[in-house]
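Next comes model05.tsv, with TSV, C-alpha atoms and all ligand atoms.
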chain	number	residue	atom	x	y	z
A	244	MET	CA	3.25	8.20	-27.49
A	245	ALA	CA	-0.42	9.01	-27.78
A	246	ARG	CA	-2.41	8.90	-24.56
A	247	ARG	CA	-5.38	6.60	-24.52
A	248	LYS	CA	-8.82	7.85	-23.61
A	249	ARG	CA	-10.34	6.32	-20.50
A	250	THR	CA	-13.72	4.65	-20.62
A	251	THR	CA	-16.67	5.92	-18.65
A	252	THR	CA	-16.71	2.70	-16.63
A	253	VAL	CA	-13.11	3.14	-15.59
A	254	GLU	CA	-13.68	6.77	-14.64
A	255	PHE	CA	-16.59	5.66	-12.52
A	256	LEU	CA	-14.63	2.88	-10.81
A	257	CYS	CA	-11.63	5.13	-10.19
A	258	ALA	CA	-13.86	7.77	-8.64
A	259	LEU	CA	-15.36	5.09	-6.42
A	260	GLY	CA	-11.88	3.97	-5.44
A	261	SER	CA	-10.86	7.49	-4.44
A	262	GLU	CA	-14.00	7.91	-2.40
A	263	ARG	CA	-13.31	4.71	-0.50
A	264	LEU	CA	-9.67	5.64	-0.01
A	265	ASN	CA	-10.78	8.97	1.41
A	266	ARG	CA	-13.13	7.25	3.77
A	267	TYR	CA	-10.34	4.92	4.88
A	268	ALA	CA	-7.96	7.80	5.39
A	269	ASP	CA	-10.55	9.83	7.23
A	270	ALA	CA	-11.56	6.97	9.48
A	271	SER	CA	-7.93	6.25	10.27
A	272	SER	CA	-7.32	9.78	11.44
A	273	ILE	CA	-9.70	9.42	14.39
A	274	PRO	CA	-7.59	10.34	17.44
A	275	THR	CA	-6.60	7.54	19.79
A	276	LEU	CA	-5.91	7.64	23.50
A	277	MET	CA	-2.27	6.82	24.07
A	278	LYS	CA	-1.20	4.38	26.71
A	279	GLY	CA	2.58	4.04	26.95
A	280	SER	CA	4.88	5.26	24.24
A	281	ALA	CA	7.28	3.91	21.69
A	282	GLU	CA	10.93	4.64	21.75
A	283	GLU	CA	11.51	7.76	19.69
A	284	PRO	CA	13.15	6.72	16.42
A	285	VAL	CA	15.95	8.79	14.94
A	286	ASP	CA	15.03	10.89	11.89
A	287	SER	CA	16.98	9.91	8.76
A	288	SER	CA	16.88	12.82	7.26
A	289	GLN	CA	10.61	9.07	-20.84
A	290	ARG	CA	9.54	6.02	-19.29
A	291	LYS	CA	8.61	3.82	-22.27
A	292	ILE	CA	6.02	1.25	-21.54
A	293	GLY	CA	6.31	-1.94	-23.57
A	294	SER	CA	3.03	-3.71	-24.14
A	295	LEU	CA	0.26	-1.36	-23.11
A	296	ARG	CA	-3.00	-3.15	-22.45
A	297	THR	CA	-6.60	-2.21	-22.94
A	298	HIS	CA	-8.24	-0.42	-20.07
A	299	ASP	CA	-10.71	-3.17	-19.31
A	300	GLN	CA	-8.25	-6.02	-19.38
A	301	TYR	CA	-6.67	-5.89	-15.94
A	302	PRO	CA	-9.79	-6.12	-13.82
A	303	ALA	CA	-10.61	-9.24	-15.83
A	304	ASP	CA	-7.07	-10.57	-15.28
A	305	VAL	CA	-7.44	-10.08	-11.57
A	306	ASP	CA	-10.81	-11.81	-11.45
A	307	THR	CA	-9.56	-14.63	-13.63
A	308	ALA	CA	-6.56	-15.26	-11.41
A	309	VAL	CA	-8.63	-15.38	-8.26
A	310	ASP	CA	-11.43	-17.45	-9.85
A	311	LYS	CA	-8.96	-19.90	-11.37
A	312	ALA	CA	-7.37	-20.53	-8.00
A	313	ARG	CA	-10.74	-21.07	-6.41
A	314	ALA	CA	-11.82	-23.46	-9.16
A	315	GLU	CA	-8.66	-25.46	-8.57
A	316	GLY	CA	-9.43	-25.59	-4.88
A	317	LEU	CA	-6.37	-23.50	-4.04
A	318	SER	CA	-6.28	-20.94	-1.34
A	319	THR	CA	-5.98	-17.52	-2.97
A	320	SER	CA	-3.27	-16.88	-0.42
A	321	ARG	CA	-0.93	-19.00	-2.57
A	322	LEU	CA	-1.67	-17.24	-5.85
A	323	HIS	CA	1.31	-16.47	-8.07
A	324	VAL	CA	3.76	-16.39	-5.24
A	325	GLY	CA	6.17	-18.86	-6.82
A	326	ASP	CA	9.69	-18.55	-5.45
A	327	GLY	CA	9.68	-17.36	-1.90
A	328	ALA	CA	6.24	-18.86	-1.24
A	329	GLU	CA	7.70	-20.55	1.79
A	330	ASN	CA	7.83	-17.24	3.65
A	331	ALA	CA	4.71	-15.69	2.11
A	332	ALA	CA	2.59	-16.64	5.13
A	333	VAL	CA	3.85	-13.47	6.84
A	334	LEU	CA	1.81	-11.53	4.27
A	335	ASP	CA	-1.41	-12.91	5.78
A	336	ASP	CA	-1.01	-10.47	8.68
A	337	PRO	CA	1.73	-8.06	7.58
A	338	VAL	CA	1.00	-5.59	10.40
A	339	LEU	CA	1.65	-8.16	13.12
A	340	ALA	CA	4.71	-9.51	11.28
A	341	SER	CA	6.14	-5.98	10.92
A	342	LEU	CA	5.50	-4.94	14.50
A	343	GLU	CA	7.10	-8.11	15.80
A	344	GLY	CA	10.11	-7.69	13.52
A	345	HIS	CA	11.61	-4.71	11.68
A	346	HIS	CA	9.17	-2.22	13.21
A	347	ALA	CA	9.39	-3.44	16.81
A	348	PHE	CA	11.10	-0.13	17.65
A	349	LEU	CA	7.87	1.67	16.67
A	350	ALA	CA	5.52	-0.70	18.52
A	351	ARG	CA	3.34	-0.07	21.53
A	352	ARG	CA	2.27	-3.27	23.20
A	353	VAL	CA	-0.01	-4.52	25.95
A	354	GLY	CA	0.03	-8.28	26.42
A	355	ARG	CA	-0.21	-9.81	22.95
A	356	ALA	CA	-1.93	-6.73	21.44
A	357	VAL	CA	0.27	-4.36	19.49
A	358	THR	CA	-0.02	-1.14	17.52
A	359	TYR	CA	2.15	1.56	16.00
A	360	HIS	CA	2.67	4.92	17.59
A	361	PRO	CA	-0.44	6.81	16.39
A	362	ASP	CA	1.65	9.42	14.55
A	363	VAL	CA	3.20	6.62	12.50
A	364	ALA	CA	0.16	4.46	11.68
A	365	THR	CA	-3.14	3.49	13.28
A	366	PHE	CA	-2.70	-0.17	12.33
A	367	CYS	CA	-2.99	-2.62	15.21
A	368	ALA	CA	-2.89	-6.38	15.61
A	369	VAL	CA	-3.74	-9.26	17.88
A	370	PRO	CA	-2.61	-12.89	17.47
A	371	ARG	CA	-4.18	-14.90	14.69
A	372	HIS	CA	-6.48	-16.74	17.12
A	373	PRO	CA	-7.18	-14.04	19.72
A	374	ASP	CA	-8.85	-14.78	23.04
A	375	THR	CA	-10.86	-12.46	25.30
A	376	GLU	CA	-7.70	-11.24	27.02
A	377	ASP	CA	-6.16	-10.20	23.70
A	378	TRP	CA	-9.17	-8.03	22.85
A	379	ALA	CA	-9.15	-6.56	26.37
A	380	ALA	CA	-5.45	-5.79	25.93
A	381	LEU	CA	-6.08	-4.08	22.59
A	382	ALA	CA	-8.96	-2.06	24.10
A	383	TYR	CA	-6.66	-0.92	26.91
A	384	LEU	CA	-3.83	-0.14	24.49
A	385	LEU	CA	-5.99	2.00	22.18
A	386	GLY	CA	-8.45	3.44	24.68
A	387	ARG	CA	-12.24	3.62	24.82
A	388	GLY	CA	-13.80	5.12	21.68
A	389	ALA	CA	-10.61	4.82	19.63
A	390	LEU	CA	-10.36	3.34	16.17
A	391	ALA	CA	-9.03	-0.22	16.06
A	392	ASP	CA	-7.62	-0.30	12.54
A	393	LEU	CA	-7.12	-4.02	11.92
A	394	PHE	CA	-5.82	-3.44	8.38
A	395	SER	CA	-6.31	-6.73	6.45
A	396	ALA	CA	-6.36	-9.18	9.39
A	397	SER	CA	-9.32	-11.54	9.34
A	398	VAL	CA	-9.76	-11.75	13.13
A	399	VAL	CA	-13.28	-11.07	14.43
A	400	PRO	CA	-13.54	-8.61	17.34
A	401	PRO	CA	-16.14	-8.98	20.10
A	402	ALA	CA	-19.74	-8.14	19.11
A	403	ASP	CA	-19.77	-4.77	20.89
A	404	TRP	CA	-16.90	-3.43	18.72
A	405	ASP	CA	-18.85	-1.44	16.12
A	406	PRO	CA	-17.58	-1.48	12.53
A	407	VAL	CA	-16.24	1.91	11.37
A	408	PHE	CA	-15.19	1.01	7.84
A	409	THR	CA	-14.91	-1.98	5.51
A	410	VAL	CA	-12.98	-1.64	2.25
A	411	ASP	CA	-12.34	-4.42	-0.27
A	412	GLY	CA	-8.75	-4.58	-1.45
A	413	LEU	CA	-6.18	-6.66	-3.22
A	414	GLN	CA	-2.73	-7.70	-2.04
A	415	MET	CA	-0.26	-7.85	-4.93
A	416	VAL	CA	3.30	-9.18	-4.99
A	417	ALA	CA	6.22	-8.30	-7.25
A	418	PRO	CA	7.90	-10.98	-9.37
A	419	ALA	CA	10.27	-13.16	-7.40
A	420	THR	CA	13.39	-12.06	-9.27
A	421	THR	CA	14.35	-9.02	-11.30
A	422	SER	CA	14.93	-11.29	-14.28
A	423	SER	CA	11.23	-12.16	-14.27
A	424	TRP	CA	10.14	-8.52	-14.36
A	425	PRO	CA	8.25	-7.70	-17.56
A	426	SER	CA	10.19	-5.69	-20.13
A	427	ALA	CA	7.80	-2.80	-19.45
A	428	ALA	CA	9.16	-2.69	-15.91
A	429	ARG	CA	12.82	-3.10	-16.83
A	430	ASP	CA	12.57	-0.23	-19.34
A	431	VAL	CA	11.25	2.31	-16.87
A	432	VAL	CA	13.43	5.42	-16.67
A	433	PRO	CA	12.70	8.74	-14.97
A	434	PRO	CA	10.58	11.03	-17.13
A	435	ARG	CA	12.55	13.81	-18.86
A	436	ASP	CA	13.29	16.98	-16.85
A	437	SER	CA	12.49	15.14	-13.64
A	438	GLU	CA	14.57	14.37	-10.62
A	439	VAL	CA	14.05	11.24	-8.49
A	440	VAL	CA	15.06	12.01	-4.92
A	441	GLU	CA	15.06	10.35	-1.55
A	442	LEU	CA	12.68	12.34	0.62
A	443	GLY	CA	13.62	13.40	4.15
A	444	ALA	CA	12.10	15.13	7.15
A	445	HIS	CA	12.36	18.54	5.47
A	446	ASP	CA	10.10	17.27	2.66
A	447	LEU	CA	7.24	16.39	5.01
A	448	PRO	CA	5.08	19.49	4.32
A	449	ALA	CA	5.25	18.86	0.56
A	450	MET	CA	4.52	15.14	1.08
A	451	VAL	CA	1.49	15.87	3.26
A	452	GLU	CA	0.22	18.40	0.73
A	453	LEU	CA	0.56	15.86	-2.09
A	454	VAL	CA	-1.24	13.20	-0.04
A	455	GLU	CA	-4.06	15.61	0.73
A	456	ARG	CA	-4.44	16.36	-2.98
A	457	THR	CA	-4.29	12.75	-4.16
A	458	ARG	CA	-5.55	10.56	-1.27
A	459	PRO	CA	-3.43	7.46	-1.90
A	460	GLY	CA	-4.51	5.94	1.44
A	461	PRO	CA	-3.68	6.33	5.12
A	462	PHE	CA	-0.69	8.59	5.84
A	463	TRP	CA	0.35	10.14	9.13
A	464	PRO	CA	3.07	12.68	10.07
A	465	ARG	CA	5.64	10.01	11.00
A	466	THR	CA	4.66	7.44	8.36
A	467	PRO	CA	7.89	8.21	6.40
A	468	GLN	CA	9.86	6.76	9.33
A	469	LEU	CA	8.62	3.31	8.29
A	470	GLY	CA	11.03	3.17	5.37
A	471	THR	CA	12.49	4.96	2.38
A	472	TYR	CA	10.29	7.48	0.54
A	473	LEU	CA	11.16	8.51	-2.97
A	474	GLY	CA	9.77	11.51	-4.81
A	475	ILE	CA	9.93	13.16	-8.19
A	476	ARG	CA	10.34	16.88	-8.42
A	477	HIS	CA	9.50	18.78	-11.55
A	478	HIS	CA	11.05	22.25	-11.63
A	479	GLY	CA	11.63	21.85	-7.89
A	480	VAL	CA	8.04	20.96	-7.02
A	481	LEU	CA	7.18	17.52	-5.59
A	482	VAL	CA	4.74	16.01	-8.10
A	483	ALA	CA	4.89	12.31	-7.24
A	484	MET	CA	6.00	10.04	-4.42
A	485	ALA	CA	5.95	6.46	-3.17
A	486	GLY	CA	7.43	4.83	-0.12
A	487	GLU	CA	8.03	1.78	2.00
A	488	ARG	CA	5.55	0.95	4.73
A	489	LEU	CA	4.96	-2.52	6.26
A	490	HIS	CA	8.07	-4.66	6.58
A	491	PRO	CA	7.40	-8.32	7.37
A	492	PRO	CA	10.46	-10.61	7.19
A	493	GLY	CA	11.66	-10.92	3.59
A	494	TRP	CA	9.12	-8.44	2.20
A	495	THR	CA	8.63	-4.68	1.99
A	496	GLU	CA	5.31	-3.03	1.22
A	497	ILE	CA	5.20	-0.16	-1.27
A	498	SER	CA	2.68	2.46	-0.26
A	499	ALA	CA	1.56	6.10	-0.64
A	500	VAL	CA	1.96	5.88	-4.41
A	501	CYS	CA	0.59	9.15	-5.75
A	502	THR	CA	1.01	11.69	-8.52
A	503	ALA	CA	-0.38	15.22	-8.63
A	504	PRO	CA	-3.41	15.31	-10.97
A	505	GLU	CA	-1.68	17.67	-13.42
A	506	ALA	CA	1.35	15.35	-13.71
A	507	ARG	CA	-0.39	12.03	-14.35
A	508	GLY	CA	0.10	9.74	-17.35
A	509	GLN	CA	3.80	10.52	-17.76
A	510	GLY	CA	5.20	7.50	-15.99
A	511	TYR	CA	6.01	9.13	-12.63
A	512	ALA	CA	4.26	6.55	-10.45
A	513	SER	CA	5.61	3.66	-12.53
A	514	CYS	CA	9.12	5.04	-12.21
A	515	LEU	CA	8.88	5.36	-8.43
A	516	VAL	CA	7.32	1.94	-7.87
A	517	GLN	CA	10.00	0.43	-10.05
A	518	ALA	CA	12.79	2.31	-8.24
A	519	LEU	CA	11.52	1.11	-4.88
A	520	SER	CA	11.10	-2.46	-6.16
A	521	SER	CA	14.73	-2.42	-7.32
A	522	ARG	CA	15.97	-1.22	-3.93
A	523	ILE	CA	13.89	-3.84	-2.14
A	524	SER	CA	15.12	-6.55	-4.46
A	525	ALA	CA	18.73	-5.40	-3.98
A	526	ARG	CA	18.51	-6.26	-0.28
A	527	SER	CA	17.14	-9.72	-1.17
A	528	GLU	CA	13.59	-8.86	-0.22
A	529	ARG	CA	10.49	-8.81	-2.35
A	530	ALA	CA	8.02	-5.97	-2.85
A	531	PHE	CA	4.31	-6.25	-2.20
A	532	LEU	CA	1.50	-3.74	-1.96
A	533	HIS	CA	-2.16	-3.25	-1.26
A	534	VAL	CA	-4.67	-1.50	-3.43
A	535	VAL	CA	-8.37	-0.77	-3.07
A	536	ARG	CA	-10.20	-3.31	-5.22
A	537	SER	CA	-12.01	-0.66	-7.27
A	538	ASN	CA	-8.87	1.41	-8.01
A	539	ILE	CA	-8.60	0.02	-11.52
A	540	SER	CA	-6.00	2.49	-12.78
A	541	ALA	CA	-3.61	1.67	-9.93
A	542	ILE	CA	-4.13	-2.11	-10.33
A	543	ARG	CA	-3.39	-1.77	-14.05
A	544	LEU	CA	-0.23	0.22	-13.34
A	545	TYR	CA	1.06	-2.36	-10.84
A	546	SER	CA	0.16	-5.20	-13.22
A	547	ASP	CA	2.16	-3.53	-16.00
A	548	LEU	CA	5.14	-3.61	-13.65
A	549	GLY	CA	4.72	-7.34	-13.06
A	550	PHE	CA	2.86	-7.30	-9.74
A	551	ARG	CA	0.30	-10.09	-9.45
A	552	PRO	CA	-2.62	-10.55	-7.06
A	553	ARG	CA	-1.82	-12.80	-4.12
A	554	ARG	CA	-5.10	-12.58	-2.27
A	555	GLU	CA	-8.21	-10.54	-1.81
A	556	VAL	CA	-8.27	-8.64	1.45
A	557	THR	CA	-10.76	-6.59	3.42
A	558	PHE	CA	-9.54	-3.57	5.32
A	559	ARG	CA	-11.58	-3.19	8.51
A	560	GLY	CA	-11.75	-0.75	11.35
A	561	PHE	CA	-13.79	-0.98	14.56
A	562	ARG	CA	-14.66	1.38	17.39
A	563	VAL	CA	-13.31	0.26	20.75
A	564	PRO	CA	-16.32	0.13	23.17
B	601	LIG	C1	-2.56	5.81	-9.66
B	601	LIG	C2	-1.58	6.98	-9.85
B	601	LIG	C3	-0.56	6.92	-8.71
B	601	LIG	C4	-0.89	6.85	-11.21
B	601	LIG	O1	0.10	7.86	-11.32
B	601	LIG	P1	0.76	8.23	-12.76
B	601	LIG	O2	2.01	8.97	-12.44
B	601	LIG	O3	-0.23	8.89	-13.61
B	601	LIG	O4	1.08	6.79	-13.30
B	601	LIG	P2	1.88	6.47	-14.66
B	601	LIG	O5	2.02	7.71	-15.46
B	601	LIG	O6	3.11	5.73	-14.29
B	601	LIG	O7	0.90	5.47	-15.37
B	601	LIG	C5	-0.43	5.89	-15.63
B	601	LIG	C6	-0.80	5.61	-17.07
B	601	LIG	O8	-0.05	6.42	-17.94
B	601	LIG	C7	0.56	5.61	-18.93
B	601	LIG	N1	1.84	6.23	-19.28
B	601	LIG	C8	2.95	6.26	-18.55
B	601	LIG	N2	3.93	6.91	-19.21
B	601	LIG	C9	3.40	7.31	-20.37
B	601	LIG	C10	3.89	8.03	-21.47
B	601	LIG	N3	5.15	8.48	-21.50
B	601	LIG	N4	3.06	8.27	-22.49
B	601	LIG	C11	1.80	7.83	-22.45
B	601	LIG	N5	1.27	7.15	-21.43
B	601	LIG	C12	2.07	6.89	-20.43
B	601	LIG	C13	0.74	4.28	-18.24
B	601	LIG	O9	0.84	3.23	-19.17
B	601	LIG	C14	-0.53	4.19	-17.47
B	601	LIG	O10	-1.55	3.80	-18.38
B	601	LIG	P3	-2.78	2.91	-17.91
B	601	LIG	O11	-3.66	3.81	-17.11
B	601	LIG	O12	-3.38	2.49	-19.18
B	601	LIG	O13	-2.20	1.79	-17.10
B	601	LIG	C15	-2.31	8.36	-9.82
B	601	LIG	O14	-3.43	8.30	-10.68
B	601	LIG	C16	-2.79	8.78	-8.45
B	601	LIG	O15	-2.08	9.49	-7.73
B	601	LIG	N6	-4.01	8.37	-8.05
B	601	LIG	C17	-4.56	8.74	-6.76
B	601	LIG	C18	-3.86	8.03	-5.63
B	601	LIG	C19	-3.93	6.54	-5.79
B	601	LIG	O16	-4.99	5.95	-6.07
B	601	LIG	N7	-2.78	5.88	-5.54
B	601	LIG	C20	-2.67	4.43	-5.61
B	601	LIG	C21	-2.87	3.87	-4.24
B	601	LIG	S1	-2.71	2.08	-4.26
Would you mind writing the structure in this file as structure tokens?
Ligand SMILES: CC(C)(COP(=O)(O)OP(=O)(O)OC[C@H]1O[C@@H](n2cnc3c(N)ncnc32)[C@H](O)[C@@H]1OP(=O)(O)O)[C@@H](O)C(=O)NCCC(=O)NCCS
Amino acid sequence: MARRKRTTTVEFLCALGSERLNRYADASSIPTLMKGSAEEPVDSSQRKIGSLRTHDQYPADVDTAVDKARAEGLSTSRLHVGDGAENAAVLDDPVLASLEGHHAFLARRVGRAVTYHPDVATFCAVPRHPDTEDWAALAYLLGRGALADLFSASVVPPADWDPVFTVDGLQMVAPATTSSWPSAARDVVPPRDSEVVELGAHDLPAMVELVERTRPGPFWPRTPQLGTYLGIRHHGVLVAMAGERLHPPGWTEISAVCTAPEARGQGYASCLVQALSSRISARSERAFLHVVRSNISAIRLYSDLGFRPRREVTFRGFRVP
């Protein structure tokens, strides 16, 4: 299959996306003061794409979907969700929903403020309608001068919490059932000469190296403890990976999707996203993910696999005064 040449616009937008991802990753690595600790978790130790689309089509699709919903007076939070919409509200604050549920064993909490162990993720949360005490609790939990990484929550911190970063993103959800996956997604098979493997603790150095080369977004040493991470090795070398991150009830987020620059355009990322989606679906959950709004190539890839935008999000981080 002949590779298609990217347009200058797309190259520009992708570069912008990477730059913003880097900024997000860098901001998120600001050290935090720890107060209390979480329980130590136990370590678990020739795709064919059907209908390829033009490079400029998906950004338009995304805009159209969001604009159409607005024109119809719908909240974009109900976009495309279809079956399972009844429990989609947990996706409005997936960090809080995860820390109160599947990831409670990784949570550090003061009052109603909650965060992950800083080696796992810097994401933190307060209730949807926080009061002064909630912000004081979060400040105490994180420590003076620390980064309060609110992820996509729309809560507004007190005025003296200085913004550190603001990144526009998109939340996308997988089709409700495997039968509604596009044929392009159902046909995905591992690229030839490649091995899809479940990654474990011993793979961490290779995973970190790949993340540093590709900057898929925030990743910390214990991030793989959030869920299953799959990788593809080519001649023994890890060239692509993707994993499970946030885990609100009924949903699992796919994250850290990345492929080494020299291995791109061969279906590795599609294969891994599809493999994870299948696993998630097999346990009667549904996959979702977040992507930086300007990362056109990633949005196009996810769209090819049947993911659809649910809502626009803004990732925000603030400095605790
Ligand atoms: C985005 C990213 C993960 C894609 O990885 P990848 O392994 O190249 O992805 P795929 O090969 O599955 O798909 C990429 C393109 O190759 C095409 N392709 C896949 N298999 C192909 C094949 N056998 N022949 C020709 N083209 C093929 C796909 O259709 C897709 O085309 P598109 O750009 O027109 O949509 C990679 O560019 C990356 O690591 N980027 C930096 C990190 C990042 O932004 N991650 C996403 C965070 S949300």
### Query
How many Å separate atom O2 of ligand LIG 601 (chain B) from atom CA of Gln509 of chain A?
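We find that atom O2 of ligand LIG 601 (chain B) and atom CA of Gln509 of chain A lie 5.8 Å from each other.
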### Task
Can you work out which one of A:Arg543, A:Arg435, A:His478, A:His490 has the shortest atom-to-atom distance to ligand LIG 601 (chain B), counting all atoms listed in the file?
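The shortest atom-to-atom distance to ligand LIG 601 (chain B) comes from A:Arg543.
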### Task
Could you please determine the separation between atom CA of His360 of chain A and atom C2 of ligand LIG 601 (chain B) in Å, to one decimal place?
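Atom-to-atom, atom CA of His360 of chain A to atom C2 of ligand LIG 601 (chain B), that is 27.8 Å.
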### Query
Hey, can you pull every residue with an atom no more than 10 Å from (5.3, -9.7, -3.3), using only C-alpha atoms, and send it as a VMD selection string?
chain A and resid 323 to 325 327 to 328 331 334 414 to 419 493 to 497 520 528 to 532 550 to 553
### Message
If I take atom CA of Thr457 of chain A and atom CA of Ala541 of chain A, how far is one from the other in Å, to one decimal?
### Response
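Interatomic distance, atom CA of Thr457 of chain A to atom CA of Ala541 of chain A: 12.5 Å.
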#### Entry: Residue among A:Arg507, A:Val535, A:Ser341, A:Ala518 lying closest to ligand LIG 601 (chain B), counting all atoms listed in the file
A:Arg507
#### Entry: A:Arg371, A:His346, A:Arg554, A:Arg456 ranked by distance to Pro504 of chain A, top pick (using only C-alpha atoms)
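With only C-alpha atoms as the atom set, the closest residue is A:Arg456.
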Wanna dump the segment 339-379 of chain A-segment 397-404 of chain A contacts at 9 Å for me, each residue with its shortest atom pair and the distance in Å to one decimal, counting all atoms listed in the file, ordered by chain and number, as a Markdown table?
| residue | atom | partner | partner_atom | distance |
| --- | --- | --- | --- | --- |
| A:Val369 | CA | A:Val398 | CA | 8.1 |
| A:Pro370 | CA | A:Val398 | CA | 8.4 |
| A:Arg371 | CA | A:Val398 | CA | 6.6 |
| A:His372 | CA | A:Val398 | CA | 7.2 |
| A:Pro373 | CA | A:Val398 | CA | 7.4 |
| A:Thr375 | CA | A:Pro401 | CA | 8.2 |
| A:Trp378 | CA | A:Pro400 | CA | 7.1 |
### Message
So that I can see what lies close to Glu452 of chain A, please list as a PyMOL selection string the residues with an atom at most 12 Å from it, counting all atoms listed in the file and leaving out residues fewer than 6 positions away in the same chain.
### Response
chain A and resi 446+458-459+462-464+480-484+501-503
### Task
Excluding Ser437 of chain A and residues on its chain fewer than 6 positions from it, collect all residues at most 7 Å away from it, counting all atoms listed in the file, and give them as a list in words.
Ile475, Arg476 and His477 of chain A
## Note on the structure
Counting all atoms listed in the file, closest pick from A:Asp336, A:Asp411, A:Asp547, A:Asp436 relative to ligand LIG 601 (chain B) is A:Asp547
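Residue nearest Val363 of chain A, chosen from A:Ser537, A:Gln468, A:Thr420, A:Asn330 and counting all atoms listed in the file: A:Gln468.
Counting only C-alpha atoms and all ligand atoms, the residue from A:Arg465, A:Arg559, A:Arg351, A:His533 that sits nearest to ligand LIG 601 (chain B) is A:His533.
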Counting only C-alpha atoms, find residues at most 10 Å from (11.5, -3.6, -9.9) (file frame) and give them as a CSV table (one decimal) with C-alpha atoms, in the frame of the given file.
chain,number,residue,atom,x,y,z
A,417,ALA,CA,6.2,-8.3,-7.2
A,418,PRO,CA,7.9,-11.0,-9.4
A,419,ALA,CA,10.3,-13.2,-7.4
A,420,THR,CA,13.4,-12.1,-9.3
A,421,THR,CA,14.4,-9.0,-11.3
A,422,SER,CA,14.9,-11.3,-14.3
A,423,SER,CA,11.2,-12.2,-14.3
A,424,TRP,CA,10.1,-8.5,-14.4
A,425,PRO,CA,8.2,-7.7,-17.6
A,428,ALA,CA,9.2,-2.7,-15.9
A,429,ARG,CA,12.8,-3.1,-16.8
A,431,VAL,CA,11.2,2.3,-16.9
A,513,SER,CA,5.6,3.7,-12.5
A,514,CYS,CA,9.1,5.0,-12.2
A,515,LEU,CA,8.9,5.4,-8.4
A,516,VAL,CA,7.3,1.9,-7.9
A,517,GLN,CA,10.0,0.4,-10.0
A,518,ALA,CA,12.8,2.3,-8.2
A,519,LEU,CA,11.5,1.1,-4.9
A,520,SER,CA,11.1,-2.5,-6.2
A,521,SER,CA,14.7,-2.4,-7.3
A,522,ARG,CA,16.0,-1.2,-3.9
A,523,ILE,CA,13.9,-3.8,-2.1
A,524,SER,CA,15.1,-6.6,-4.5
A,525,ALA,CA,18.7,-5.4,-4.0
A,529,ARG,CA,10.5,-8.8,-2.4
A,530,ALA,CA,8.0,-6.0,-2.8
A,548,LEU,CA,5.1,-3.6,-13.6
A,549,GLY,CA,4.7,-7.3,-13.1
A,550,PHE,CA,2.9,-7.3,-9.7
